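Taking it in order: structure first as structure tokens, then the write-up.
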Amino acid sequence: MRRVSLLLILFLLCPIALIAQVYSVSGTVRDGNGQMVSYANVFLLQPSDSTLLKGTSADEKGQFVLNKVSPGTYLLKASYIGNASRAIGIDVLKDVKIGALIIDQNVEVLQEVVVTSKQPVIERKADRLVFNVENTVVSQGSSWEVLQRTPGVITVQEELQVRNQQAVVYINDRRSRLATDELKDLLENYPGQYIKSVEIINNPPARYDAEGGPVINIVTSKNISLGYKGNVNGSYTQAVFPKYTLGTSHFYKTEKLNVFTSYSLGPRKDFKGLENQINFIDSDGIFSRWDTNFDRISEVTTHNALLNVDYNFDSRNEISFAGSFLKSPDKSFDNFQRTEIRSAAQVLDSTFTTQSDLLENQDNFSGDLTYTHNFKNYGNFKLNGHYTRFSLDRTQDAQSDYFDPQGQFMRRFSFFTDAEQTVKIYTAQADLTSTLGTVNLETGIKGSFIDSQSGQEYFDIDNDVPIPNPGLSDDYLYDENVYAAYLDLSKDWEKWSVKSGLRAEHTQSSGFSRTLSEINNLEYFELFPSLYVLYTANENHSFAFDYSRKVNRPRYEDLNPFRYFINENNFIEGNPELVPSFSNNFNINYTLKGEFFFDVYYRDNGRYISTLAFQDNENLILRDITQNVLESTSYGFDFNYGKSILDWWYLYSYISIFHEDETFVALESDNQIAVNEVDGVYIDLTNYLTLSRDGTFKGELGFTYLSGFLQGSYVQDESTNLTLGLRKSFWEKRMLLSLQFNDILNKFNSRITSRYLNQDNSYFARPETQYVRLGLTINFGNFRLEDNQREIDKMERDRLTPK
């Protein structure tokens, strides 16, 4: 209670506002026909050299307000989709209201191609990189494809990474809490044309939770008016097995009430093939070679429902509820593998086959309630409460049959497991946004409380009779409480922009294993500073530096001391001894002419939590275990550049040269210290094309290359992906039809290898990356409405993500 009181005092001591001698500039933006231009950009410029001093966006009615403008003489200008108004001069000695800034909407005709959409624009801010994609050819596909085309984003094993770290995805500053595959499904069915911009935040500021890696924030378009809108959408994908998704969403808006609801159904059948090689080694070298072919067929029908309700009491007070429900009942896995065991001289010793059937049920419910009070001049105060309940039940029935070299049956090994996990998350927080004179202020407090209960029962099967095995059965209880407070301060000058922050977190956690009969208690207090500095010398040159300290806590599933079996010789096990890791992140950026971006970064990952594979040569076992490494570092150089080759052809390029290393204890090599490292390069070249006179037909041709990558104790070989996408809109965008081809060369999947000391194993996974997808969306009602769709922003939920 004493710690909670200290946090409350810290929050209450933060001043609300101070009055400075500043004024406002307001007005409207219209086109050449006198119509309002919604969401145009409005800029305040230095008269001497047109240096940007301040900017804002007009609202849905074309109205804008620039606050906190110091007395002086300025130029005022507006732009929208590549067109700009004439710059006008203004003297600010008091609040200024102008008439209208007029933007002429031009349409260019070039060899029977009418360019009606702008090209992607990359914008550097003090603490983030903004990729503006609204009304561009980039937005032609799904949201997943937009993210894959975003500068600095790399897809590794269907995981979005930024600078070789798993990224955290937000939608309108609301954090997504779905597992990796579920998030991919969601984004593949969320149209890219609804995205206004994508923000890449390598070092998130203090108002973001200290836990988590880089942030990808998707900002959706805003077209607000009253009424109703809805859509139905679907997609058909042909890979090894056909699969489809169906969904519908509905939104209703009045002056005070906004209601959004959606439901999607995703029946799918997936195939994954895998080739695995293990060379078991003794003092004389390789003595046994195991070659395995593994096939997995999974089937599931996922139900996903969302409900968002906003009610405005008046212009300053609002209450919002966001609820989501994800259910995946009776997800089945049909796993079959065949293994050949040979001597060092490649003579067949024996074979065995394993049939492993899994049945899984997963439920994920969350509710989020927020009260917001907006201050009269600037800022707001928010109170938020959140609840999540996640449950997972999984049974596994496995049977291995062993045969001699002539194919004669030798013996059978069978087992059965019954596992379950329930995680409950409660959070409460208060946030304040205001000013201290001309300094912007963000501060807040938060408490999060987590209760995780897991259990697994293991049975050996003897003549179809299950026999409990207490040594491989366990119950695991985990509780965690985190109390946090933060303060962010930012200020803009003529050429400088600075933002600094400090977050304090006190953590208490306790884990208890019934089988191990031990309790693991942790308690620690940590500070997480952040700093962002941007210097804009002129319109051609800008420099930026940023730093942040972060924490990475273990996922709940990784702490469970249970085993997930491929067969009795190959399994994944949790580790209740895991401890949080802390990282320090540095980045220096130079921007040339707003088109060329150069980044140099260094990251000390500390005792990073990594999944490492170890082969027990004596007992012929291969196991994956999550473990804290001894140390880990990452550094590299990034370059990206976008250029219009022709007015209808935009080429985007991104190149990353990087180094990754991890130093860890080799558990099956007499606990020697091992270092795994890789030097790699990533190249992304994407062509965005406007293929019709009216801009309704667009195309994309992309090529990516990754020379290699570090994955725990493994190193991934090179991979290449060639993609093609086409999109056509009809009836003023009331119907959208898309066609996508992925992994055209069938080179996206690659082998990963772990080879050091007495370890020598590798595998080549072949999921369904090569596919053709047909998508269709039909909008009805007032489909230009902005809905209040959002994701629930709670970082604690992210650690629910299963492997």
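By order of appearance in the structure tokens: chains A, B, ..., then residues from 1 within every chain, and ligands from 1 in the order shown.
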All residues 8 Å or closer to A:Ala674, only C-alpha atoms, same chain fewer than 3 positions away omitted, as a PyMOL selection string | chain A and resi 663-666+756
Residues as selected, C-alpha atoms, written as a CSV table (one decimal), in the first residue's frame, can you do that?
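Final output, saved to result16.csv:
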chain,number,residue,atom,x,y,z
A,663,THR,CA,25.7,-15.9,-25.9
A,664,PHE,CA,24.2,-18.7,-23.9
A,665,VAL,CA,24.9,-21.7,-21.8
A,666,ALA,CA,25.0,-24.9,-23.9
A,756,TYR,CA,28.2,-26.0,-32.8
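Those residues that approach A:Tyr371 to within 7 Å, counting only C-alpha atoms, are Glu318, Ile319, Ser320, Lys382, Leu383 and Asn384 of chain A; same-chain residues fewer than 5 positions away are not listed.
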Exercise: A:Leu745 partners within 7 Å, only C-alpha atoms, chain neighbours under 2 positions left out, as a VMD selection string | chain A and resid 721 to 722 743 747
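Coordinates place atom CA of A:Arg549 at a distance of 15.1 Å from atom CA of A:His506.
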When DSSP works through the backbone of this structure, what residues of stretch 502-692 of chain A end up as alpha helix (DSSP H), shown as a ChimeraX atom specification?
-> /A:556-559
Would you list the contacts of A:Val153 as number ranges by chain, taking every protein, DNA or RNA residue within 6 Å and counting only C-alpha atoms, but skipping same-chain residues closer than 3 positions in sequence?
-> A: 150, 161-162
So that I have them on file, write out the residues from the current selection with N, CA and C atoms, as a tab-separated table (two decimals), in the first residue's frame.
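Done, and the output landed in again_23.tsv:
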chain	number	residue	atom	x	y	z
A	150	THR	N	5.77	-1.69	-45.35
A	150	THR	CA	6.14	-0.53	-44.55
A	150	THR	C	7.64	-0.52	-44.30
A	161	GLN	N	8.54	-8.14	-37.62
A	161	GLN	CA	9.69	-7.71	-36.84
A	161	GLN	C	10.20	-6.37	-37.34
A	162	VAL	N	10.69	-5.58	-36.41
A	162	VAL	CA	11.35	-4.31	-36.70
A	162	VAL	C	12.73	-4.37	-36.07
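For A:Ala613, the residues within 7 Å (counting only C-alpha atoms, excluding itself and residues fewer than 3 positions away along the chain) are Arg623, Asp624, Ile625 and Ser713 of chain A.
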Can you pull out every residue within 10 Å of A:Asn317, counting only C-alpha atoms, but drop anything in the same chain fewer than 5 positions away, and send it as number ranges by chain?
-> A: 311-312, 371-375, 380-382
